[in-house]
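Text of model-v2.txt, listed as compact mmCIF, C-alpha atoms and all ligand atoms:
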# COMPACT_ATOMS: atom_id res chain seq x y z
CA MET A 3 98.41 125.71 75.14
CA TYR A 4 95.24 123.60 75.12
CA LEU A 5 93.30 123.62 78.33
CA PRO A 6 90.69 120.89 78.72
CA PRO A 7 87.24 121.95 79.94
CA LEU A 8 86.68 121.86 83.69
CA PRO A 9 84.96 118.44 83.97
CA LEU A 10 87.88 116.82 82.18
CA LEU A 11 90.35 118.61 84.43
CA LEU A 12 88.53 117.15 87.41
CA LEU A 13 88.81 113.70 85.90
CA LEU A 14 92.54 114.19 85.45
CA ARG A 15 93.00 115.00 89.12
CA PRO A 16 94.72 112.28 91.08
CA LEU A 17 92.02 109.91 92.24
CA SER A 18 91.98 109.81 95.95
CA PRO A 19 89.66 107.71 98.09
CA SER A 20 87.16 109.78 100.03
CA ASP A 21 87.03 109.78 103.81
CA ARG A 22 83.78 107.83 103.56
CA ASP A 23 85.44 105.19 101.38
CA ILE A 24 88.27 104.94 103.86
CA ASP A 25 85.99 104.58 106.85
CA ALA A 26 83.94 101.91 105.13
CA ALA A 27 86.89 99.95 103.77
CA ARG A 28 87.46 96.43 104.91
CA PRO A 29 90.98 95.07 105.34
CA GLY A 30 92.49 94.19 102.03
CA GLN A 31 89.76 95.93 100.07
CA SER A 32 90.73 97.95 97.04
CA ILE A 33 89.24 101.42 97.28
CA GLY A 34 91.04 103.58 94.81
CA CYS A 35 92.89 103.71 91.56
CA GLY A 36 95.50 105.90 90.04
CA ALA A 37 99.07 105.62 88.89
CA GLU A 38 100.09 108.51 91.10
CA PHE A 39 99.73 106.27 94.11
CA SER A 40 102.64 104.19 92.91
CA SER A 41 105.01 106.59 94.57
CA PHE A 42 103.41 106.35 97.98
CA GLU A 43 105.39 104.77 100.74
CA PRO A 44 103.80 102.99 103.67
CA THR A 45 101.89 105.49 105.72
CA THR A 46 98.83 105.82 107.86
CA PHE A 47 95.56 107.11 106.59
CA ARG A 48 93.33 109.09 108.93
CA GLY A 49 95.27 107.54 111.77
CA LYS A 50 93.42 104.32 111.23
CA PHE A 51 94.56 102.51 108.15
CA HIS A 52 97.89 101.56 106.81
CA MET A 53 98.37 102.18 103.15
CA TYR A 54 101.06 100.31 101.35
CA ALA A 55 100.31 101.50 97.87
CA TYR A 56 103.71 101.13 96.29
CA ALA A 57 104.05 97.37 96.29
CA VAL A 58 100.35 96.83 95.90
CA TYR A 59 100.31 99.05 92.84
CA GLN A 60 102.97 96.87 91.27
CA ALA A 61 101.16 93.70 92.19
CA CYS A 62 97.92 94.95 90.67
CA GLU A 63 99.41 96.21 87.45
CA GLY A 64 98.94 92.93 85.69
CA ARG A 65 95.23 92.99 86.46
CA GLY A 66 94.69 96.12 84.43
CA GLY A 67 94.17 98.38 87.38
CA ASN A 68 96.22 100.13 89.97
CA CYS A 69 94.66 99.29 93.26
CA ILE A 70 95.15 100.61 96.69
CA ILE A 71 94.71 98.05 99.35
CA LEU A 72 94.14 99.22 102.84
CA SER A 73 94.52 97.19 105.91
CA SER A 74 92.77 98.40 109.02
CA MET A 75 94.20 95.59 111.08
CA GLU A 76 97.30 95.81 113.16
CA LEU A 77 99.78 93.12 112.20
CA PRO A 78 99.85 90.31 114.74
CA HIS A 79 102.64 90.46 117.28
CA PHE A 80 105.40 87.88 116.91
CA LYS A 81 107.45 87.76 120.07
CA TYR A 82 110.43 86.13 118.36
CA HIS A 83 110.22 88.32 115.26
CA PRO A 84 108.92 91.67 116.52
CA ASN A 85 109.29 93.72 113.33
CA PRO A 86 108.80 91.39 110.37
CA THR A 87 108.04 94.19 107.91
CA ALA A 88 111.41 95.81 108.72
CA THR A 89 113.30 92.54 108.30
CA GLY A 90 111.54 91.95 104.97
CA SER A 91 109.86 88.69 105.99
CA ILE A 92 106.37 90.20 105.78
CA VAL A 93 105.69 92.40 102.77
CA PRO A 94 102.74 94.40 101.46
CA SER A 95 100.79 92.18 99.10
CA ALA A 96 97.62 92.14 97.05
CA GLU A 97 97.74 88.36 96.75
CA VAL A 98 95.17 86.00 98.23
CA CYS A 99 96.39 84.02 101.23
CA PRO A 100 96.19 80.29 100.36
CA VAL A 101 95.22 79.45 103.94
CA CYS A 102 92.33 81.82 104.72
CA GLY A 103 91.49 82.68 101.12
CA GLU A 104 91.53 86.41 101.80
CA SER A 105 93.63 89.24 100.49
CA ARG A 106 94.59 91.01 103.67
CA GLY A 107 97.27 93.39 102.45
CA PHE A 108 100.33 91.55 103.77
CA ALA A 109 102.02 88.26 103.06
CA TYR A 110 105.00 86.14 104.01
CA ASP A 111 107.80 86.82 101.55
CA GLY A 112 108.99 83.28 101.17
CA ILE A 113 107.92 79.70 100.81
CA PRO A 114 107.76 77.80 104.09
CA TYR A 115 109.05 74.26 104.46
CA GLY A 116 106.44 71.63 103.71
CA SER A 117 105.01 69.48 100.99
CA ASN A 118 102.87 72.29 99.57
CA GLU A 119 104.64 75.19 97.93
CA LEU A 120 102.46 77.75 99.63
CA GLU A 121 103.16 81.35 98.73
CA HIS A 122 101.72 84.59 100.09
CA ILE A 123 100.59 83.25 103.46
CA CYS A 124 99.18 86.15 105.46
CA PRO A 125 100.75 86.98 108.85
CA TRP A 126 97.47 86.25 110.68
CA CYS A 127 97.45 82.66 109.42
CA ILE A 128 101.05 82.33 110.60
CA ALA A 129 100.39 83.85 114.03
CA ASP A 130 97.32 81.80 114.96
CA GLY A 131 98.92 78.56 113.77
CA THR A 132 96.35 77.92 111.01
CA ALA A 133 98.97 77.68 108.25
CA HIS A 134 100.87 75.05 110.21
CA GLU A 135 97.79 73.11 111.33
CA LYS A 136 96.13 73.07 107.94
CA PHE A 137 99.15 72.43 105.73
CA GLY A 138 101.90 71.28 108.07
CA VAL A 139 104.24 74.04 106.96
CA GLU A 140 107.21 75.21 109.02
CA PHE A 141 108.70 78.67 108.71
CA THR A 142 112.01 77.62 110.25
CA ASP A 143 113.38 74.10 110.53
CA THR A 144 112.75 72.95 114.12
CA LYS A 145 116.39 71.83 114.41
CA GLY A 146 117.49 75.31 113.30
CA VAL A 147 116.12 76.72 116.57
CA GLY A 148 119.31 76.66 118.63
CA GLY A 149 121.42 76.43 115.49
CA TYR A 150 121.48 72.62 115.12
CA GLY A 151 122.97 72.23 118.58
CA ARG A 152 125.32 75.19 118.36
CA TRP A 153 123.43 77.24 120.96
CA GLU A 154 121.30 76.51 124.05
CA LYS A 155 118.57 73.90 124.03
CA VAL A 156 115.11 75.34 124.53
CA PRO A 157 111.75 73.79 125.48
CA THR A 158 109.68 72.18 122.73
CA LYS A 159 106.94 74.78 123.06
CA VAL A 160 109.49 77.50 122.22
CA ILE A 161 110.76 75.56 119.21
CA GLU A 162 107.18 75.11 118.00
CA GLU A 163 106.34 78.78 118.39
CA VAL A 164 109.38 79.77 116.30
CA ALA A 165 109.04 77.04 113.68
CA PHE A 166 105.25 76.91 113.33
CA ARG A 167 103.90 80.34 114.28
CA THR A 168 106.65 82.88 113.54
CA PRO A 169 107.71 84.25 110.15
CA GLY A 170 111.10 82.85 109.23
CA PHE A 171 113.75 84.53 107.12
CA ASP A 172 115.73 83.78 104.02
CA SER A 173 119.28 82.63 104.58
CA TRP A 174 121.82 81.41 102.03
CA GLN A 175 122.19 78.14 103.91
CA GLN A 176 119.93 76.58 106.55
CA GLU A 177 118.50 79.15 108.95
CA HIS A 178 119.89 79.16 112.48
CA TRP A 179 117.80 80.76 115.23
CA PHE A 180 119.84 82.06 118.17
CA THR A 181 118.81 80.88 121.64
CA HIS A 182 119.84 82.26 125.06
CA CYS A 183 118.59 82.21 128.66
CA GLY A 184 116.56 79.09 127.92
CA ASP A 185 114.49 80.82 125.25
CA ALA A 186 114.62 81.65 121.57
CA ALA A 187 115.93 85.14 120.85
CA GLU A 188 114.17 87.77 118.80
CA PHE A 189 115.27 88.12 115.20
CA LEU A 190 116.53 91.61 114.37
CA GLY A 191 117.04 91.03 110.68
CA PRO A 192 119.49 90.35 107.91
CA MET A 193 122.39 92.80 108.15
CA ASP A 194 125.09 94.26 105.97
CA LYS A 195 128.24 96.07 107.19
CA GLU A 196 126.46 99.39 107.76
CA ASP A 197 123.58 97.73 109.61
CA LEU A 198 126.01 96.01 111.98
CA GLU A 199 127.95 99.25 112.52
CA GLN A 200 124.70 100.92 113.48
CA MET A 201 123.98 98.12 115.95
CA GLY A 202 127.36 98.80 117.58
CA PRO A 203 130.65 97.05 118.41
CA GLU A 204 129.01 94.14 120.25
CA ALA A 205 127.01 93.20 117.16
CA ILE A 206 130.10 93.31 114.97
CA GLU A 207 132.11 91.23 117.44
CA VAL A 208 129.35 88.61 117.71
CA ILE A 209 129.31 88.11 113.95
CA ARG A 210 133.13 88.23 113.71
CA ALA A 211 133.64 85.67 116.45
CA GLU A 212 131.06 83.35 114.93
CA SER A 213 132.72 83.61 111.51
CA GLY A 214 136.04 82.46 112.99
CA GLN A 215 137.88 85.13 111.03
CA GLN A 216 140.20 87.89 112.17
CA GLY A 217 142.58 90.54 110.95
CA ALA A 218 142.64 91.34 107.26
CA ASP A 219 140.52 88.29 106.40
CA TRP A 220 137.75 89.54 108.67
CA GLU A 221 138.04 93.13 107.41
CA TYR A 222 137.61 91.90 103.86
CA TYR A 223 134.69 89.60 104.73
CA PHE A 224 133.08 92.32 106.85
CA SER A 225 133.30 94.84 103.99
CA LYS A 226 131.53 92.35 101.72
CA LEU A 227 128.57 91.72 104.02
CA ASP A 228 125.41 92.55 102.16
CA ARG A 229 121.69 91.89 102.58
CA GLU A 230 121.18 90.72 99.03
CA SER A 231 124.36 89.12 97.76
CA THR A 232 127.72 87.56 98.64
CA ALA A 233 127.41 87.10 102.41
CA THR A 234 124.79 88.19 104.91
CA ALA A 235 124.80 88.49 108.70
CA TYR A 236 121.71 87.55 110.77
CA LEU A 237 121.39 89.21 114.14
CA PHE A 238 119.29 88.25 117.17
CA ARG A 239 118.82 89.64 120.65
CA CYS A 240 118.07 87.66 123.80
CA ARG A 241 114.63 88.62 125.12
CA HIS A 242 115.82 88.26 128.72
CA CYS A 243 119.37 89.60 129.10
CA GLY A 244 119.79 91.51 125.84
CA GLN A 245 122.76 89.43 124.67
CA LEU A 246 123.24 89.71 120.93
CA GLY A 247 123.84 86.59 118.90
CA GLY A 248 123.75 85.38 115.36
CA TYR A 249 125.83 84.29 112.44
CA SER A 250 126.64 85.01 108.83
CA ASP A 251 126.69 82.84 105.78
CA CYS A 252 127.32 83.08 102.10
CA HIS A 253 126.29 81.24 99.01
ZN ZN B 301 95.60 83.96 105.74
ZN ZN B 302 120.08 85.87 127.60
Could you write out this file's structure as structure tokens?
Amino acid sequence: MYLPPLPLLLLLRPLSPSDRDIDAARPGQSIGCGAEFSSFEPTTFRGKFHMYAYAVYQACEGRGGNCIILSSMELPHFKYHPNPTATGSIVPSAEVCPVCGESRGFAYDGIPYGSNELEHICPWCIADGTAHEKFGVEFTDTKGVGGYGRWEKVPTKVIEEVAFRTPGFDSWQQEHWFTHCGDAAEFLGPMDKEDLEQMGPEAIEVIRAESGQQGADWEYYFSKLDRESTATAYLFRCRHCGQLGGYSDCH
């Protein structure tokens, strides 16, 4: 077996950013290379940075390098969409945000409503309203807040916070945002059958009742619920009384 000389062996070691590199890194900065990082899942680095190498590696592939992009910033808090990375609305990204012109490690996974087809908007430009103010984009149709009259009416400032400053979500049809107790509810995510079962009987009943189906029809529809195809359920929780709400739709 051929063994390369020591210096070459060192070069073949997985490249890992040094502690100094990590401490000095700015959000969105690329500080390391190496294909081995492609298998990394989101994690923290030295308790300070979040590394989302997997998706970023894929995004960088076309540029002839495998980059690691670190973000030292906490994601902004969205009170009506508290965990947008779990719901899939905010994803790790190496792309440049079209609003602030920076690559900050995360982006909106969708195209908001508006005349410009803006992709890869960073969550900070959503949260502080810059994306809406600069380009007039909406992340949810204002009439969708309250489900086009299906649920409670809420104050205009609530509608604006959901539509203009909160990541939306992808629905097969128009998005409906559940409202309750005079406020918009928090979005828990797109759900399939197993997700709803994990959320418990109340969640299943909410989606069943809204679908208008029962018996064998419902059992069949329920078994077909999926996050990616056929039909999807969208679940919300009231921020005041905890009431679950939502709907399902299919394409
Ligand atoms: Zn931005
Ligand atoms: Zn409520």
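Closest to ligand ZN 302 (chain B) among A:Ala186, A:Ala211, A:Cys252, A:Ala235 is A:Ala186, based on all atoms listed in the file.
Each residue with an atom within 12 Å of any atom of ligand ZN 302 (chain B) appears in the list, which was built counting all atoms listed in the file: A:Trp153, A:Glu154, A:Phe180, A:Thr181, A:His182, A:Cys183, A:Gly184, A:Asp185, A:Ala186, A:Ala187, A:Glu188, A:Phe238, A:Arg239, A:Cys240, A:Arg241, A:His242, A:Cys243, A:Gly244, A:Gln245, A:Leu246, A:Gly247.
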Show me which residues are within 12 Å of ligand ZN 301 (chain B) counting all atoms listed in the file, and format the list as a ChimeraX atom specification. /A:30,77-78,95,97-110,120-134,136
Using atom CA of A:Gln200 and atom CA of A:Leu237 as the two end points, give the distance in Å to one decimal.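 Between atom CA of A:Gln200 and atom CA of A:Leu237 the gap is 12.2 Å.
Between A:Thr89 and the residues A:Glu119, A:Asp172, A:Glu212, A:Glu162, the shortest atom-to-atom distance, using all atoms listed in the file, involves A:Asp172.
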Report the distance between atom CA of A:Gly148 and atom CA of A:Glu163 in Å, rounded to one decimal place.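 A separation of 13.1 Å between them.
Nearest residue to A:His83, choosing from A:Phe171, A:Asp143, A:Phe189, A:Ile206 and counting all atoms listed in the file: A:Phe189.
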For atom CA of A:Ser173 and atom CA of A:His253, the interatomic separation in Å (one decimal): 9.1 Å
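Nearest residue to A:Ile161 among A:Thr142, A:Thr232, A:Asn118, A:Gln215 is A:Thr142, counting all atoms listed in the file.
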Hey, what's within 8 Å of A:Lys226 if we count all atoms listed in the file and toss same-chain stuff fewer than 3 positions away? As an NGL selection string, please? :A and (194-195 or 222-223 or 232-233)
Enclose all atoms of stretch 232-237 of chain A listed in the file in an axis-aligned box, grow every side by 8 Å, and hand back centre and edge lengths in Å to one decimal, as JSON.
{"center_x": 124.6, "center_y": 88.2, "center_z": 106.4, "size_x": 22.3, "size_y": 18.1, "size_z": 31.5}
Mind writing stretch 163-178 of chain A to a file for me, with C-alpha atoms, as a short mmCIF file (atom, residue, chain, number, x, y, z; two decimals), in the first residue's frame?
data_model
loop_
_atom_site.label_atom_id
_atom_site.label_comp_id
_atom_site.auth_asym_id
_atom_site.auth_seq_id
_atom_site.Cartn_x
_atom_site.Cartn_y
_atom_site.Cartn_z
CA GLU A 163 -47.38 42.12 10.79
CA VAL A 164 -48.34 38.73 9.34
CA ALA A 165 -48.47 39.81 5.70
CA PHE A 166 -45.52 42.22 5.61
CA ARG A 167 -43.09 41.15 8.34
CA THR A 168 -43.58 37.40 8.87
CA PRO A 169 -42.33 34.55 6.67
CA GLY A 170 -45.27 32.96 4.90
CA PHE A 171 -45.58 29.35 3.82
CA ASP A 172 -46.25 27.43 0.67
CA SER A 173 -49.76 26.11 0.27
CA TRP A 174 -51.31 24.35 -2.73
CA GLN A 175 -54.03 26.99 -2.91
CA GLN A 176 -54.16 30.45 -1.35
CA GLU A 177 -52.70 30.54 2.15
CA HIS A 178 -55.13 30.94 5.02
#
